[in-house]
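K.L.:
Next comes structure.cif, mmCIF, C-alpha atoms:
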data_start
#
loop_
_atom_site.label_atom_id
_atom_site.label_comp_id
_atom_site.auth_asym_id
_atom_site.auth_seq_id
_atom_site.Cartn_x
_atom_site.Cartn_y
_atom_site.Cartn_z
CA MET X 1 78.95 -11.59 -13.56
CA SER X 2 75.85 -9.63 -13.99
CA SER X 3 74.33 -12.42 -16.07
CA LYS X 4 74.65 -14.87 -13.18
CA ARG X 5 72.78 -12.60 -10.85
CA LYS X 6 69.84 -12.25 -13.25
CA GLY X 7 69.60 -15.98 -13.75
CA ALA X 8 69.78 -16.66 -10.02
CA ALA X 9 66.95 -14.24 -9.31
CA LEU X 10 64.61 -15.94 -11.82
CA LYS X 11 65.06 -19.37 -10.33
CA ILE X 12 61.80 -20.22 -8.52
CA LYS X 13 61.40 -23.43 -6.67
CA ILE X 14 57.94 -25.04 -7.13
CA PRO X 15 57.05 -27.50 -4.42
CA ALA X 16 55.82 -30.88 -5.52
CA PHE X 17 52.20 -31.82 -4.82
CA ASN X 18 51.88 -34.17 -1.92
CA GLY X 19 48.93 -36.42 -1.14
CA MET X 20 47.18 -33.91 1.15
CA MET X 21 47.12 -31.21 -1.52
CA VAL X 22 45.66 -33.55 -4.11
CA ALA X 23 43.01 -34.72 -1.62
CA ALA X 24 42.09 -31.09 -0.76
CA ILE X 25 41.71 -30.15 -4.42
CA ALA X 26 39.61 -33.26 -5.11
CA ALA X 27 37.38 -32.49 -2.09
CA ALA X 28 36.88 -28.89 -3.26
CA ILE X 29 35.92 -30.03 -6.76
CA ALA X 30 33.54 -32.67 -5.35
CA ALA X 31 31.89 -30.06 -3.07
CA CYS X 32 31.39 -27.67 -6.00
CA ILE X 33 29.83 -30.38 -8.15
CA TYR X 34 27.54 -31.52 -5.29
CA GLY X 35 26.45 -27.91 -4.57
CA THR X 36 25.72 -27.21 -8.22
CA ILE X 37 23.60 -30.34 -8.62
CA THR X 38 21.71 -29.71 -5.36
CA LEU X 39 20.95 -26.03 -6.11
CA GLU X 40 19.97 -26.78 -9.70
CA GLY X 41 17.13 -29.01 -8.50
CA ALA X 42 15.73 -26.25 -6.26
CA ARG X 43 15.95 -23.54 -8.94
CA LYS X 44 12.60 -22.27 -10.27
CA LEU X 45 12.68 -22.09 -14.02
CA PRO X 46 10.88 -19.30 -15.87
CA SER X 47 7.28 -19.87 -16.87
CA ASP X 48 6.76 -21.34 -20.29
CA TYR X 49 4.16 -20.22 -22.81
CA SER X 50 1.37 -22.44 -21.47
CA ASP X 51 1.53 -20.62 -18.11
CA GLN X 52 1.51 -17.21 -19.79
CA ASP X 53 -2.11 -17.55 -20.90
CA SER X 54 -3.32 -18.25 -17.37
CA LEU X 55 -1.22 -15.39 -15.97
CA LEU X 56 -2.63 -12.99 -18.56
CA SER X 57 -6.22 -14.04 -17.82
CA GLU X 58 -5.65 -13.53 -14.06
CA LYS X 59 -4.24 -10.04 -14.65
CA GLN X 60 -7.10 -9.16 -17.01
CA GLN X 61 -9.60 -10.29 -14.36
CA LEU X 62 -7.89 -8.02 -11.80
CA ILE X 63 -8.09 -5.09 -14.23
CA ASP X 64 -11.79 -5.78 -14.87
CA ASP X 65 -12.47 -5.92 -11.12
CA LEU X 66 -10.72 -2.59 -10.55
CA ASN X 67 -12.60 -0.96 -13.44
CA SER X 68 -15.95 -2.11 -12.05
CA VAL X 69 -15.46 -0.21 -8.76
CA PRO X 70 -17.96 2.64 -8.69
CA VAL X 71 -16.71 6.21 -8.77
CA ALA X 72 -17.68 8.73 -6.11
CA ALA X 73 -21.29 9.88 -6.19
CA PRO X 74 -22.16 13.41 -7.31
CA LEU X 75 -21.67 15.85 -4.44
CA PRO X 76 -25.22 17.32 -4.49
CA HIS X 77 -26.70 13.82 -4.31
CA SER X 78 -24.52 12.91 -1.30
CA TRP X 79 -25.29 16.20 0.42
CA GLN X 80 -29.04 15.65 -0.01
CA ALA X 81 -28.65 12.17 1.50
CA VAL X 82 -26.99 13.70 4.59
CA ILE X 83 -29.77 16.30 4.90
CA ALA X 84 -32.46 13.62 4.63
CA ALA X 85 -30.74 11.33 7.13
CA SER X 86 -30.32 14.16 9.64
CA LYS X 87 -34.02 15.06 9.43
CA LEU X 88 -35.02 11.41 9.91
CA ALA X 89 -32.68 11.00 12.89
CA GLY X 90 -33.75 14.26 14.51
CA VAL X 91 -30.26 15.71 14.24
CA GLU X 92 -29.69 19.37 13.41
CA MET X 93 -27.43 19.99 10.41
CA ASP X 94 -25.82 23.33 9.60
CA PRO X 95 -23.62 23.89 6.55
CA LEU X 96 -20.25 25.55 7.13
CA ASP X 97 -19.67 28.53 4.86
CA THR X 98 -16.02 28.91 5.86
CA GLN X 99 -13.52 27.04 3.75
CA GLY X 100 -9.76 26.69 4.02
CA PRO X 101 -7.25 26.65 6.85
CA GLU X 102 -7.66 30.38 7.63
CA SER X 103 -11.17 29.72 8.96
CA GLY X 104 -9.85 27.68 11.88
CA VAL X 105 -12.16 24.76 11.03
CA ALA X 106 -10.63 21.58 9.62
CA THR X 107 -12.13 20.64 6.28
CA TYR X 108 -11.35 18.30 3.39
CA THR X 109 -8.48 19.51 1.18
CA GLY X 110 -8.18 16.60 -1.29
CA PRO X 111 -8.67 16.45 -5.07
CA LEU X 112 -12.48 15.96 -4.94
CA LYS X 113 -15.14 18.58 -4.39
CA SER X 114 -16.39 18.85 -0.82
CA TRP X 115 -19.06 20.55 1.24
CA SER X 116 -18.68 20.84 5.00
CA GLY X 117 -21.17 21.04 7.81
CA THR X 118 -21.90 20.51 11.48
CA LEU X 119 -24.23 17.96 13.06
CA LYS X 120 -25.77 18.65 16.48
CA GLY X 121 -27.91 16.37 18.59
CA LYS X 122 -27.94 13.56 21.12
CA PRO X 123 -24.62 11.67 20.93
CA ALA X 124 -26.26 8.31 20.24
CA ASP X 125 -28.39 9.75 17.42
CA VAL X 126 -25.47 11.58 15.81
CA LEU X 127 -23.11 8.60 15.99
CA VAL X 128 -25.63 6.08 14.65
CA MET X 129 -26.53 8.39 11.79
CA ILE X 130 -22.87 8.99 10.86
CA MET X 131 -22.03 5.28 11.03
CA LYS X 132 -24.91 4.43 8.68
CA LEU X 133 -24.02 7.22 6.25
CA GLN X 134 -20.34 6.29 6.10
CA LYS X 135 -21.26 2.91 4.63
CA ASP X 136 -22.66 4.62 1.49
CA ILE X 137 -21.28 8.16 1.34
CA PRO X 138 -17.66 9.36 1.61
CA ILE X 139 -17.74 11.49 4.76
CA PHE X 140 -14.68 12.82 6.57
CA LEU X 141 -15.17 13.48 10.27
CA TYR X 142 -13.20 16.17 12.08
CA SER X 143 -13.51 17.74 15.52
CA TYR X 144 -16.33 16.94 17.91
CA THR X 145 -17.51 18.19 21.28
CA VAL X 146 -19.96 16.81 23.80
CA SER X 147 -21.45 19.11 26.41
CA SER X 148 -24.77 19.20 28.26
CA GLY X 149 -25.90 15.99 26.59
CA GLN X 150 -25.44 17.42 23.07
CA MET X 151 -22.84 16.35 20.54
CA LYS X 152 -21.48 18.63 17.86
CA ILE X 153 -19.34 17.13 15.08
CA ASN X 154 -17.78 18.78 12.01
CA PHE X 155 -17.72 16.80 8.77
CA SER X 156 -17.08 17.08 5.04
CA VAL X 157 -18.93 15.22 2.31
CA VAL X 158 -16.89 14.59 -0.84
CA GLY X 159 -17.97 13.80 -4.37
CA VAL X 160 -17.59 14.67 -8.01
#
Would you write the structure of this file as structure tokens?
P.N.:
Amino acid sequence: MSSKRKGAALKIKIPAFNGMMVAAIAAAIAACIYGTITLEGARKLPSDYSDQDSLLSEKQQLIDDLNSVPVAAPLPHSWQAVIAASKLAGVEMDPLDTQGPESGVATYTGPLKSWSGTLKGKPADVLVMIMKLQKDIPIFLYSYTVSSGQMKINFSVVGV
């Protein structure tokens, strides 16, 4: 009797495919084929060897452009330019001897050498002079005050 029970448990009834099931499977296969063909046309293929030469020449041109950028000017040269410009503009320039955060004065703390100073004069003269200098010399501007028609601005000139 035990053999009948095992055989009865293994009997699985598989339903026969009807027309709707066959149509659904055919529609799914057709949709997959259509999607594959459509997406294959829009796929960008990798560049071939003829495009590699133009890509390499573009990258080499970019490297050459970056290498031709001038480095920062020597610090003494930039400092002398600030002194000369301040004398021409009638602006008083005083170097700051204090360096570092313990002095209470904000100064440049980056990887380049820097010298700091203060410019004093009429606001229009000081601002015009600074705007002209910033086109040619790396100058960092910090705190400023304006009182009694005089402007005082702290700055740092950086260089190598």
K.L.:
For a quick check of understanding, using only C-alpha atoms, which of X:Lys87, X:Lys120, X:Lys113, X:Lys135 has the smallest distance to X:Val158?
P.N.:
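Selected residue with least distance to X:Val158: X:Lys113.
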K.L.:
Name all residues at most 10 Å from X:Gly117 (count only C-alpha atoms; drop same-chain ones fewer than 4 positions away) and give them as a list in words.
P.N.:
Trp79, Val82, Met93, Asp94, Pro95, Leu96, Asp97, Thr98, Thr107, Leu141, Ile153, Asn154, Phe155, Ser156 and Val157 of chain X
K.L.:
Taking a cut-off of 12 Å and counting only C-alpha atoms, can you build a table that, for each residue of stretch 93-156 of chain X near stretch 65-72 of chain X, reports the nearest atom pair and how far apart they are in Å (one decimal), sorted by chain then residue number, as JSON lines?
P.N.:
{"residue": "X:Pro111", "atom": "CA", "partner": "X:Ala72", "partner_atom": "CA", "distance": 11.9}
{"residue": "X:Leu112", "atom": "CA", "partner": "X:Ala72", "partner_atom": "CA", "distance": 9.0}
{"residue": "X:Lys113", "atom": "CA", "partner": "X:Ala72", "partner_atom": "CA", "distance": 10.3}
{"residue": "X:Ser114", "atom": "CA", "partner": "X:Ala72", "partner_atom": "CA", "distance": 11.5}
{"residue": "X:Asp136", "atom": "CA", "partner": "X:Ala72", "partner_atom": "CA", "distance": 10.0}
{"residue": "X:Ile137", "atom": "CA", "partner": "X:Ala72", "partner_atom": "CA", "distance": 8.3}
{"residue": "X:Pro138", "atom": "CA", "partner": "X:Ala72", "partner_atom": "CA", "distance": 7.7}
{"residue": "X:Ile139", "atom": "CA", "partner": "X:Ala72", "partner_atom": "CA", "distance": 11.2}
K.L.:
Taking all atoms listed in the file into account, which of X:Val146, X:Leu133, X:Leu55, X:Ile29 comes nearest X:Gln80?
P.N.:
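Comparing X:Val146, X:Leu133, X:Leu55, X:Ile29 against X:Gln80, the winner is X:Leu133.
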K.L.:
Please write as a VMD selection string the full residue list that the PyMOL selection byres ((chain X and resi 148) around 12) yields on this file.
P.N.:
chain X and resid 120 to 123 145 to 147 149 to 152
K.L.:
Counting all atoms listed in the file, figure out which residue out of X:Tyr34, X:Ala26, X:Val126, X:Glu58 gets nearest to X:Gly90.
P.N.:
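Checking each candidate against X:Gly90, we get X:Val126 as the closest.
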K.L.:
Ranking X:Ala81, X:Tyr108, X:Ala31, X:Tyr142 by minimum distance to X:Met129 and counting all atoms listed in the file, which one comes first?
P.N.:
X:Ala81
K.L.:
Measuring between all atoms listed in the file, which one of X:Ala23, X:Asp125, X:Trp115, X:Tyr144 shows the shortest distance to X:Pro74?
P.N.:
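Comparing X:Ala23, X:Asp125, X:Trp115, X:Tyr144 against X:Pro74, the winner is X:Trp115.
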K.L.:
Do you have the atom CA of X:Asp64-atom CA of X:Gly159 distance handy?
P.N.:
23.1 Å
K.L.:
Calculate how many Å separate atom CA of X:Glu40 from atom CA of X:Ala27, rounding to one decimal.
P.N.:
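Pair atom CA of X:Glu40 / atom CA of X:Ala27 returns 19.8 Å.
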K.L.:
Please, what distance in Å, to one decimal, runs between atom CA of X:Val160 and atom CA of X:Thr109?
P.N.:
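Separation between atom CA of X:Val160 and atom CA of X:Thr109: 13.8 Å.
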K.L.:
Using the file's own x, y and z axes, what box holds all listed atoms of stretch 62-67 of chain X with 3 Å on each side, keeping edges along x, y and z, and what are its centre and edge lengths in Å to one decimal, as lines of an AutoDock Vina configuration file?
P.N.:
center_x = -10.2
center_y = -4.5
center_z = -12.7
size_x = 10.7
size_y = 13.1
size_z = 10.3
K.L.:
Working from the structure I just supplied, which lacks atoms in stretch 46-78 of chain X, can you model N, CA and C atoms there and output them as a compact mmCIF listing (two decimals), in the frame of the given file?
P.N.:
# COMPACT_ATOMS: atom_id res chain seq x y z
N PRO X 46 11.89 -20.26 -15.41
CA PRO X 46 10.88 -19.30 -15.87
C PRO X 46 9.66 -20.01 -16.45
N SER X 47 8.52 -19.30 -16.36
CA SER X 47 7.28 -19.87 -16.87
C SER X 47 7.38 -20.08 -18.38
N ASP X 48 6.77 -21.12 -18.84
CA ASP X 48 6.76 -21.34 -20.29
C ASP X 48 5.48 -20.75 -20.88
N TYR X 49 5.27 -20.89 -22.14
CA TYR X 49 4.16 -20.22 -22.81
C TYR X 49 2.80 -20.72 -22.35
N SER X 50 2.67 -21.94 -21.91
CA SER X 50 1.37 -22.44 -21.47
C SER X 50 0.93 -21.73 -20.19
N ASP X 51 1.87 -21.35 -19.34
CA ASP X 51 1.53 -20.62 -18.11
C ASP X 51 1.21 -19.16 -18.39
N GLN X 52 1.72 -18.62 -19.48
CA GLN X 52 1.51 -17.21 -19.79
C GLN X 52 0.04 -16.89 -20.02
N ASP X 53 -0.69 -17.79 -20.66
CA ASP X 53 -2.11 -17.55 -20.90
C ASP X 53 -2.89 -17.45 -19.60
N SER X 54 -2.61 -18.32 -18.64
CA SER X 54 -3.32 -18.25 -17.37
C SER X 54 -2.93 -17.00 -16.59
N LEU X 55 -1.66 -16.61 -16.65
CA LEU X 55 -1.22 -15.39 -15.97
C LEU X 55 -1.90 -14.16 -16.58
N LEU X 56 -1.98 -14.11 -17.89
CA LEU X 56 -2.63 -12.99 -18.56
C LEU X 56 -4.12 -12.91 -18.22
N SER X 57 -4.79 -14.06 -18.16
CA SER X 57 -6.22 -14.04 -17.82
C SER X 57 -6.44 -13.60 -16.38
N GLU X 58 -5.54 -13.99 -15.46
CA GLU X 58 -5.65 -13.53 -14.06
C GLU X 58 -5.47 -12.03 -13.97
N LYS X 59 -4.49 -11.49 -14.68
CA LYS X 59 -4.24 -10.04 -14.65
C LYS X 59 -5.39 -9.28 -15.29
N GLN X 60 -5.97 -9.81 -16.36
CA GLN X 60 -7.10 -9.16 -17.01
C GLN X 60 -8.31 -9.16 -16.08
N GLN X 61 -8.50 -10.23 -15.33
CA GLN X 61 -9.60 -10.29 -14.36
C GLN X 61 -9.42 -9.24 -13.28
N LEU X 62 -8.18 -9.05 -12.81
CA LEU X 62 -7.89 -8.02 -11.80
C LEU X 62 -8.19 -6.63 -12.35
N ILE X 63 -7.81 -6.38 -13.60
CA ILE X 63 -8.09 -5.09 -14.23
C ILE X 63 -9.60 -4.87 -14.34
N ASP X 64 -10.33 -5.89 -14.75
CA ASP X 64 -11.79 -5.78 -14.87
C ASP X 64 -12.44 -5.50 -13.51
N ASP X 65 -11.93 -6.15 -12.46
CA ASP X 65 -12.47 -5.92 -11.12
C ASP X 65 -12.23 -4.48 -10.67
N LEU X 66 -11.03 -3.97 -10.95
CA LEU X 66 -10.72 -2.59 -10.55
C LEU X 66 -11.54 -1.58 -11.35
N ASN X 67 -11.80 -1.88 -12.62
CA ASN X 67 -12.60 -0.96 -13.44
C ASN X 67 -14.07 -0.97 -13.06
N SER X 68 -14.54 -2.03 -12.42
CA SER X 68 -15.95 -2.11 -12.05
C SER X 68 -16.26 -1.39 -10.73
N VAL X 69 -15.24 -0.92 -10.02
CA VAL X 69 -15.46 -0.21 -8.76
C VAL X 69 -16.16 1.11 -9.08
N PRO X 70 -17.23 1.41 -8.38
CA PRO X 70 -17.96 2.64 -8.69
C PRO X 70 -17.15 3.88 -8.32
N VAL X 71 -17.36 4.95 -9.07
CA VAL X 71 -16.71 6.21 -8.77
C VAL X 71 -17.52 6.91 -7.69
N ALA X 72 -16.98 7.98 -7.15
CA ALA X 72 -17.68 8.73 -6.11
C ALA X 72 -18.98 9.30 -6.66
N ALA X 73 -19.97 9.36 -5.80
CA ALA X 73 -21.29 9.88 -6.19
C ALA X 73 -21.20 11.39 -6.41
N PRO X 74 -22.13 11.95 -7.16
CA PRO X 74 -22.16 13.41 -7.31
C PRO X 74 -22.35 14.08 -5.95
N LEU X 75 -21.64 15.16 -5.74
CA LEU X 75 -21.67 15.85 -4.44
C LEU X 75 -23.07 16.31 -4.03
N PRO X 76 -23.87 16.91 -4.92
CA PRO X 76 -25.22 17.32 -4.49
C PRO X 76 -26.08 16.15 -4.03
N HIS X 77 -25.93 15.01 -4.70
CA HIS X 77 -26.70 13.82 -4.31
C HIS X 77 -26.30 13.36 -2.90
N SER X 78 -25.00 13.32 -2.63
CA SER X 78 -24.52 12.91 -1.30
C SER X 78 -24.96 13.90 -0.24
